[in-house]
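First up is the structure itself, then whatever we jot down about it.
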Amino acid sequence: MRDDSTQFNQMLQQKNKALIEKQDNEIYLATLKERNRIAREIHDNVGHMLSRSILQVGALRAMNKDQTIGTMSDALQTTLSDAMNSIRASVHDLHDDSIDLRASIEALLADYPGCHISFEYDMSSLVPKEIKYCYIAILKEALSNVAKHSNATRIHIIMREHPSLFQLLVEDNGTSISMHTDGIGLENMKDRVDALNGTFTYSYKQGFRIFISIPKKNISKNT
């Protein structure tokens with residue numbers, strides 16, 4: 001009876017943990033959806049009104065030659081332009097933060113035919129936008145390389161977050177690889193990783209393999 005009770009408690013704890021994770025994920029996805037909605041509304045409503053106001057002030061300046069009014073309209077137009085730039089930056093940040101990296105990668109893999117793909121994802125919900133863009137772009141390039149230059153039938157992808165760094169591994173089982181080590185695709189990948197102070201390595205032994213490690217420290221400062 002004691003063993004049964006212990007086992008039952010363990011199962012209950014596991015179910016509770018799974019339920020909490022599911023609820024957290026639902027909250028996270030709802031938050032992303034709401035951020036996108038807010039970004040669209042700001043862009044469509046406030047942004048358009050500011051644009052119209054800037055045009056109206058410009059027309060007022062052209063029609064009125066009074067120096068005092070001209071000085072005031074110049075200041076008003078500068079203020080409106082600064083507000084417009086601030087709105088654009090805020091909308092851009094809201095949209096960037098609302099990108100779901102895992103969902104974006106899974107959608108990308110779903111459209112990739114011809115290979116069996118295994119995907120391991122171990123990242124928190126607070127991934128910097130620089131990492132999101134880097135991972136998505138590099139994976140697109142890597143999959144394109146496999147399709148063009150390899151006879152691989154299997155691709156293994158790992159995205160993992162550690163306390164101090166982010167890692168990405170892409171490897172396949174191709175036996176016939178026709179890529180050149182000075183290819184533009186590889187250079188583009190390396191440039192993206194270098195911009196984030198990371199390390200980029202690749203090899204052709206026993207299939208094509210890309211390994212990327214990017215430190216968390218100073219990611220935003222250096223991009």
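By convention in this document, the chains of the structure tokens carry letters A, B, ... by their order, each chain's residues are numbered from 1, and ligands are numbered from 1 in the order they are shown.
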
* To do: Name the residues of stretch 80-147 of chain A that come out as alpha helix (DSSP H) in a backbone DSSP run; write them as a PyMOL selection string.
  => chain A and resi 80-97+101-110+129-147

* To do: Would you kindly return, as a list of chain:residue names, each protein, DNA or RNA residue with an atom no farther than 7 Å from any atom of stretch 163-175 of chain A, considering only C-alpha atoms and excluding same-chain residues fewer than 4 positions away?
  => A:Ser150, A:Asn151, A:Ala152, A:Thr153, A:Arg154, A:Ile155, A:His156, A:Ile157, A:Ile158, A:Met159, A:Gln206, A:Gly207, A:Phe208, A:Arg209, A:Ile210, A:Phe211, A:Ile212, A:Ser213, A:Ile214, A:Pro215, A:Lys216

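If you measure from each of A:Phe8, A:Lys65, A:Ser73, A:Ala83 to A:Met49 using only C-alpha atoms, the closest one turns out to be A:Ala83.
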
* Asked: Nearest to A:Glu120 among A:Glu161, A:Asp3, A:Asp66, A:Asp194, with distances taken over only C-alpha atoms: which residue is it?
  -> A:Glu161

Selection: 7 Å around stretch 121-138 of chain A, only C-alpha atoms, excl. self and same-chain fewer than 4 positions, as a PDB file with all heavy atoms, in the first residue's frame:
ATOM      1  N   ASP A  96       9.188  41.999 -32.899  1.00  0.00           N
ATOM      2  CA  ASP A  96      10.350  41.120 -32.738  1.00  0.00           C
ATOM      3  C   ASP A  96      10.193  40.216 -31.530  1.00  0.00           C
ATOM      4  O   ASP A  96      10.475  39.014 -31.583  1.00  0.00           O
ATOM      5  CB  ASP A  96      11.623  41.954 -32.586  1.00  0.00           C
ATOM      6  CG  ASP A  96      12.055  42.571 -33.905  1.00  0.00           C
ATOM      7  OD1 ASP A  96      11.556  42.109 -34.944  1.00  0.00           O
ATOM      8  OD2 ASP A  96      12.858  43.502 -33.885  1.00  0.00           O
ATOM      9  N   ASP A  97       9.757  40.784 -30.401  1.00  0.00           N
ATOM     10  CA  ASP A  97       9.612  40.015 -29.173  1.00  0.00           C
ATOM     11  C   ASP A  97       8.500  38.979 -29.280  1.00  0.00           C
ATOM     12  O   ASP A  97       8.473  38.004 -28.535  1.00  0.00           O
ATOM     13  CB  ASP A  97       9.336  40.940 -27.983  1.00  0.00           C
ATOM     14  CG  ASP A  97      10.549  41.789 -27.623  1.00  0.00           C
ATOM     15  OD1 ASP A  97      11.675  41.391 -28.001  1.00  0.00           O
ATOM     16  OD2 ASP A  97      10.382  42.838 -26.992  1.00  0.00           O
ATOM     17  N   LEU A 101       9.983  31.377 -31.557  1.00  0.00           N
ATOM     18  CA  LEU A 101      11.080  30.706 -32.248  1.00  0.00           C
ATOM     19  C   LEU A 101      10.744  29.255 -32.556  1.00  0.00           C
ATOM     20  O   LEU A 101      10.941  28.787 -33.678  1.00  0.00           O
ATOM     21  CB  LEU A 101      12.358  30.781 -31.405  1.00  0.00           C
ATOM     22  CG  LEU A 101      13.582  30.062 -31.978  1.00  0.00           C
ATOM     23  CD1 LEU A 101      13.952  30.622 -33.345  1.00  0.00           C
ATOM     24  CD2 LEU A 101      14.758  30.178 -31.016  1.00  0.00           C
ATOM     25  N   ILE A 105      10.397  27.608 -36.308  1.00  0.00           N
ATOM     26  CA  ILE A 105      11.261  26.524 -36.785  1.00  0.00           C
ATOM     27  C   ILE A 105      10.431  25.321 -37.203  1.00  0.00           C
ATOM     28  O   ILE A 105      10.674  24.699 -38.255  1.00  0.00           O
ATOM     29  CB  ILE A 105      12.276  26.123 -35.692  1.00  0.00           C
ATOM     30  CG1 ILE A 105      13.222  27.286 -35.389  1.00  0.00           C
ATOM     31  CG2 ILE A 105      13.074  24.895 -36.140  1.00  0.00           C
ATOM     32  CD1 ILE A 105      14.029  27.769 -36.560  1.00  0.00           C
ATOM     33  N   ALA A 142      21.099  26.271 -43.867  1.00  0.00           N
ATOM     34  CA  ALA A 142      21.584  24.902 -43.700  1.00  0.00           C
ATOM     35  C   ALA A 142      20.695  23.905 -44.439  1.00  0.00           C
ATOM     36  O   ALA A 142      21.192  22.994 -45.109  1.00  0.00           O
ATOM     37  CB  ALA A 142      21.649  24.557 -42.217  1.00  0.00           C
ATOM     38  N   ILE A 158      19.356  20.398 -33.038  1.00  0.00           N
ATOM     39  CA  ILE A 158      19.235  20.658 -31.599  1.00  0.00           C
ATOM     40  C   ILE A 158      19.374  22.155 -31.360  1.00  0.00           C
ATOM     41  O   ILE A 158      20.335  22.778 -31.818  1.00  0.00           O
ATOM     42  CB  ILE A 158      20.318  19.920 -30.782  1.00  0.00           C
ATOM     43  CG1 ILE A 158      20.212  18.406 -30.972  1.00  0.00           C
ATOM     44  CG2 ILE A 158      20.202  20.276 -29.297  1.00  0.00           C
ATOM     45  CD1 ILE A 158      21.313  17.630 -30.254  1.00  0.00           C
ATOM     46  N   MET A 159      18.420  22.725 -30.644  1.00  0.00           N
ATOM     47  CA  MET A 159      18.508  24.101 -30.174  1.00  0.00           C
ATOM     48  C   MET A 159      18.439  24.055 -28.657  1.00  0.00           C
ATOM     49  O   MET A 159      17.452  23.588 -28.093  1.00  0.00           O
ATOM     50  CB  MET A 159      17.368  24.951 -30.734  1.00  0.00           C
ATOM     51  CG  MET A 159      17.452  25.171 -32.215  1.00  0.00           C
ATOM     52  SD  MET A 159      16.161  26.300 -32.806  1.00  0.00           S
ATOM     53  CE  MET A 159      16.614  26.431 -34.532  1.00  0.00           C
ATOM     54  N   ARG A 160      19.488  24.549 -28.019  1.00  0.00           N
ATOM     55  CA  ARG A 160      19.579  24.388 -26.565  1.00  0.00           C
ATOM     56  C   ARG A 160      20.084  25.658 -25.905  1.00  0.00           C
ATOM     57  O   ARG A 160      20.956  26.364 -26.446  1.00  0.00           O
ATOM     58  CB  ARG A 160      20.502  23.216 -26.234  1.00  0.00           C
ATOM     59  CG  ARG A 160      20.629  22.884 -24.757  1.00  0.00           C
ATOM     60  CD  ARG A 160      21.157  21.473 -24.596  1.00  0.00           C
ATOM     61  NE  ARG A 160      20.172  20.490 -25.014  1.00  0.00           N
ATOM     62  CZ  ARG A 160      20.465  19.318 -25.568  1.00  0.00           C
ATOM     63  NH1 ARG A 160      21.727  18.999 -25.790  1.00  0.00           N
ATOM     64  NH2 ARG A 160      19.507  18.472 -25.914  1.00  0.00           N
ATOM     65  N   GLU A 161      19.511  25.947 -24.764  1.00  0.00           N
ATOM     66  CA  GLU A 161      19.939  27.107 -23.973  1.00  0.00           C
ATOM     67  C   GLU A 161      20.615  26.622 -22.696  1.00  0.00           C
ATOM     68  O   GLU A 161      20.093  25.767 -21.978  1.00  0.00           O
ATOM     69  CB  GLU A 161      18.732  27.981 -23.617  1.00  0.00           C
ATOM     70  CG  GLU A 161      19.089  29.188 -22.771  1.00  0.00           C
ATOM     71  CD  GLU A 161      17.891  30.078 -22.473  1.00  0.00           C
ATOM     72  OE1 GLU A 161      16.804  29.829 -23.042  1.00  0.00           O
ATOM     73  OE2 GLU A 161      18.037  31.007 -21.660  1.00  0.00           O
ATOM     74  N   MET A 189      26.504  32.550 -42.724  1.00  0.00           N
ATOM     75  CA  MET A 189      26.255  31.972 -41.400  1.00  0.00           C
ATOM     76  C   MET A 189      27.306  32.435 -40.406  1.00  0.00           C
ATOM     77  O   MET A 189      26.993  32.844 -39.280  1.00  0.00           O
ATOM     78  CB  MET A 189      26.244  30.441 -41.484  1.00  0.00           C
ATOM     79  CG  MET A 189      25.055  29.842 -42.177  1.00  0.00           C
ATOM     80  SD  MET A 189      25.050  28.035 -42.004  1.00  0.00           S
ATOM     81  CE  MET A 189      24.910  27.532 -43.687  1.00  0.00           C
ATOM     82  N   ARG A 192      26.889  36.056 -39.327  1.00  0.00           N
ATOM     83  CA  ARG A 192      25.807  36.243 -38.361  1.00  0.00           C
ATOM     84  C   ARG A 192      26.261  35.875 -36.950  1.00  0.00           C
ATOM     85  O   ARG A 192      25.964  36.579 -35.977  1.00  0.00           O
ATOM     86  CB  ARG A 192      24.593  35.393 -38.743  1.00  0.00           C
ATOM     87  CG  ARG A 192      23.812  35.908 -39.935  1.00  0.00           C
ATOM     88  CD  ARG A 192      22.607  35.037 -40.222  1.00  0.00           C
ATOM     89  NE  ARG A 192      21.831  35.529 -41.338  1.00  0.00           N
ATOM     90  CZ  ARG A 192      20.893  36.474 -41.257  1.00  0.00           C
ATOM     91  NH1 ARG A 192      20.619  37.001 -40.074  1.00  0.00           N
ATOM     92  NH2 ARG A 192      20.233  36.865 -42.319  1.00  0.00           N
TER      93      ARG A 192
END

* From stretch 103-205 of chain A, collect each residue whose DSSP state is strand (DSSP E) and return the set as JSON, numbers by chain. => {"A": [116, 117, 118, 119, 120, 121, 122, 154, 155, 156, 157, 158, 159, 160, 161, 165, 166, 167, 168, 169, 170, 171, 172, 199, 200, 201, 202, 203]}

Write the residues of the selection above to a file with N, CA and C atoms, as a PDB file, in the first residue's frame.
ATOM      1  N   HIS A 116      13.941  12.776 -43.271  1.00  0.00           N
ATOM      2  CA  HIS A 116      13.393  12.605 -41.923  1.00  0.00           C
ATOM      3  C   HIS A 116      14.150  13.558 -40.997  1.00  0.00           C
ATOM      4  N   ILE A 117      13.414  14.433 -40.307  1.00  0.00           N
ATOM      5  CA  ILE A 117      14.039  15.446 -39.461  1.00  0.00           C
ATOM      6  C   ILE A 117      13.653  15.226 -38.011  1.00  0.00           C
ATOM      7  N   SER A 118      14.663  15.119 -37.159  1.00  0.00           N
ATOM      8  CA  SER A 118      14.432  15.074 -35.714  1.00  0.00           C
ATOM      9  C   SER A 118      14.837  16.420 -35.128  1.00  0.00           C
ATOM     10  N   PHE A 119      14.003  16.959 -34.268  1.00  0.00           N
ATOM     11  CA  PHE A 119      14.189  18.321 -33.754  1.00  0.00           C
ATOM     12  C   PHE A 119      14.085  18.310 -32.234  1.00  0.00           C
ATOM     13  N   GLU A 120      15.163  18.710 -31.570  1.00  0.00           N
ATOM     14  CA  GLU A 120      15.177  18.837 -30.116  1.00  0.00           C
ATOM     15  C   GLU A 120      15.252  20.320 -29.753  1.00  0.00           C
ATOM     16  N   TYR A 121      14.303  20.753 -28.913  1.00  0.00           N
ATOM     17  CA  TYR A 121      14.237  22.174 -28.551  1.00  0.00           C
ATOM     18  C   TYR A 121      14.238  22.301 -27.040  1.00  0.00           C
ATOM     19  N   ASP A 122      15.228  22.997 -26.528  1.00  0.00           N
ATOM     20  CA  ASP A 122      15.337  23.205 -25.079  1.00  0.00           C
ATOM     21  C   ASP A 122      15.743  24.660 -24.824  1.00  0.00           C
ATOM     22  N   ARG A 154      18.496  11.946 -43.546  1.00  0.00           N
ATOM     23  CA  ARG A 154      18.144  12.273 -42.166  1.00  0.00           C
ATOM     24  C   ARG A 154      18.853  13.556 -41.730  1.00  0.00           C
ATOM     25  N   ILE A 155      18.138  14.384 -40.994  1.00  0.00           N
ATOM     26  CA  ILE A 155      18.706  15.615 -40.444  1.00  0.00           C
ATOM     27  C   ILE A 155      18.358  15.691 -38.959  1.00  0.00           C
ATOM     28  N   HIS A 156      19.354  16.005 -38.171  1.00  0.00           N
ATOM     29  CA  HIS A 156      19.143  16.124 -36.723  1.00  0.00           C
ATOM     30  C   HIS A 156      19.450  17.562 -36.301  1.00  0.00           C
ATOM     31  N   ILE A 157      18.500  18.183 -35.597  1.00  0.00           N
ATOM     32  CA  ILE A 157      18.641  19.580 -35.189  1.00  0.00           C
ATOM     33  C   ILE A 157      18.446  19.695 -33.678  1.00  0.00           C
ATOM     34  N   ILE A 158      19.356  20.398 -33.038  1.00  0.00           N
ATOM     35  CA  ILE A 158      19.235  20.658 -31.599  1.00  0.00           C
ATOM     36  C   ILE A 158      19.374  22.155 -31.360  1.00  0.00           C
ATOM     37  N   MET A 159      18.420  22.725 -30.644  1.00  0.00           N
ATOM     38  CA  MET A 159      18.508  24.101 -30.174  1.00  0.00           C
ATOM     39  C   MET A 159      18.439  24.055 -28.657  1.00  0.00           C
ATOM     40  N   ARG A 160      19.488  24.549 -28.019  1.00  0.00           N
ATOM     41  CA  ARG A 160      19.579  24.388 -26.565  1.00  0.00           C
ATOM     42  C   ARG A 160      20.084  25.658 -25.905  1.00  0.00           C
ATOM     43  N   GLU A 161      19.511  25.947 -24.764  1.00  0.00           N
ATOM     44  CA  GLU A 161      19.939  27.107 -23.973  1.00  0.00           C
ATOM     45  C   GLU A 161      20.615  26.622 -22.696  1.00  0.00           C
ATOM     46  N   LEU A 165      25.023  30.477 -22.354  1.00  0.00           N
ATOM     47  CA  LEU A 165      25.129  30.515 -23.815  1.00  0.00           C
ATOM     48  C   LEU A 165      23.965  29.804 -24.484  1.00  0.00           C
ATOM     49  N   PHE A 166      23.852  30.058 -25.804  1.00  0.00           N
ATOM     50  CA  PHE A 166      22.885  29.380 -26.666  1.00  0.00           C
ATOM     51  C   PHE A 166      23.654  28.516 -27.661  1.00  0.00           C
ATOM     52  N   GLN A 167      23.097  27.343 -27.981  1.00  0.00           N
ATOM     53  CA  GLN A 167      23.768  26.447 -28.923  1.00  0.00           C
ATOM     54  C   GLN A 167      22.796  25.984 -30.003  1.00  0.00           C
ATOM     55  N   LEU A 168      23.358  25.744 -31.169  1.00  0.00           N
ATOM     56  CA  LEU A 168      22.604  25.195 -32.298  1.00  0.00           C
ATOM     57  C   LEU A 168      23.456  24.145 -32.989  1.00  0.00           C
ATOM     58  N   LEU A 169      22.872  22.976 -33.202  1.00  0.00           N
ATOM     59  CA  LEU A 169      23.543  21.890 -33.918  1.00  0.00           C
ATOM     60  C   LEU A 169      22.651  21.434 -35.051  1.00  0.00           C
ATOM     61  N   VAL A 170      23.233  21.350 -36.248  1.00  0.00           N
ATOM     62  CA  VAL A 170      22.542  20.807 -37.415  1.00  0.00           C
ATOM     63  C   VAL A 170      23.469  19.796 -38.059  1.00  0.00           C
ATOM     64  N   GLU A 171      23.034  18.560 -38.193  1.00  0.00           N
ATOM     65  CA  GLU A 171      23.871  17.533 -38.815  1.00  0.00           C
ATOM     66  C   GLU A 171      23.005  16.585 -39.630  1.00  0.00           C
ATOM     67  N   ASP A 172      23.596  16.040 -40.703  1.00  0.00           N
ATOM     68  CA  ASP A 172      22.864  15.100 -41.538  1.00  0.00           C
ATOM     69  C   ASP A 172      23.731  13.873 -41.821  1.00  0.00           C
ATOM     70  N   THR A 199      30.812  31.408 -31.760  1.00  0.00           N
ATOM     71  CA  THR A 199      31.739  30.551 -32.506  1.00  0.00           C
ATOM     72  C   THR A 199      30.950  29.695 -33.486  1.00  0.00           C
ATOM     73  N   PHE A 200      31.508  29.520 -34.680  1.00  0.00           N
ATOM     74  CA  PHE A 200      30.859  28.779 -35.752  1.00  0.00           C
ATOM     75  C   PHE A 200      31.833  27.757 -36.310  1.00  0.00           C
ATOM     76  N   THR A 201      31.450  26.492 -36.258  1.00  0.00           N
ATOM     77  CA  THR A 201      32.295  25.443 -36.817  1.00  0.00           C
ATOM     78  C   THR A 201      31.451  24.541 -37.711  1.00  0.00           C
ATOM     79  N   TYR A 202      32.117  23.913 -38.693  1.00  0.00           N
ATOM     80  CA  TYR A 202      31.417  22.979 -39.567  1.00  0.00           C
ATOM     81  C   TYR A 202      32.393  21.900 -40.010  1.00  0.00           C
ATOM     82  N   SER A 203      31.849  20.771 -40.448  1.00  0.00           N
ATOM     83  CA  SER A 203      32.683  19.678 -40.933  1.00  0.00           C
ATOM     84  C   SER A 203      31.901  18.868 -41.952  1.00  0.00           C
TER      85      SER A 203
END
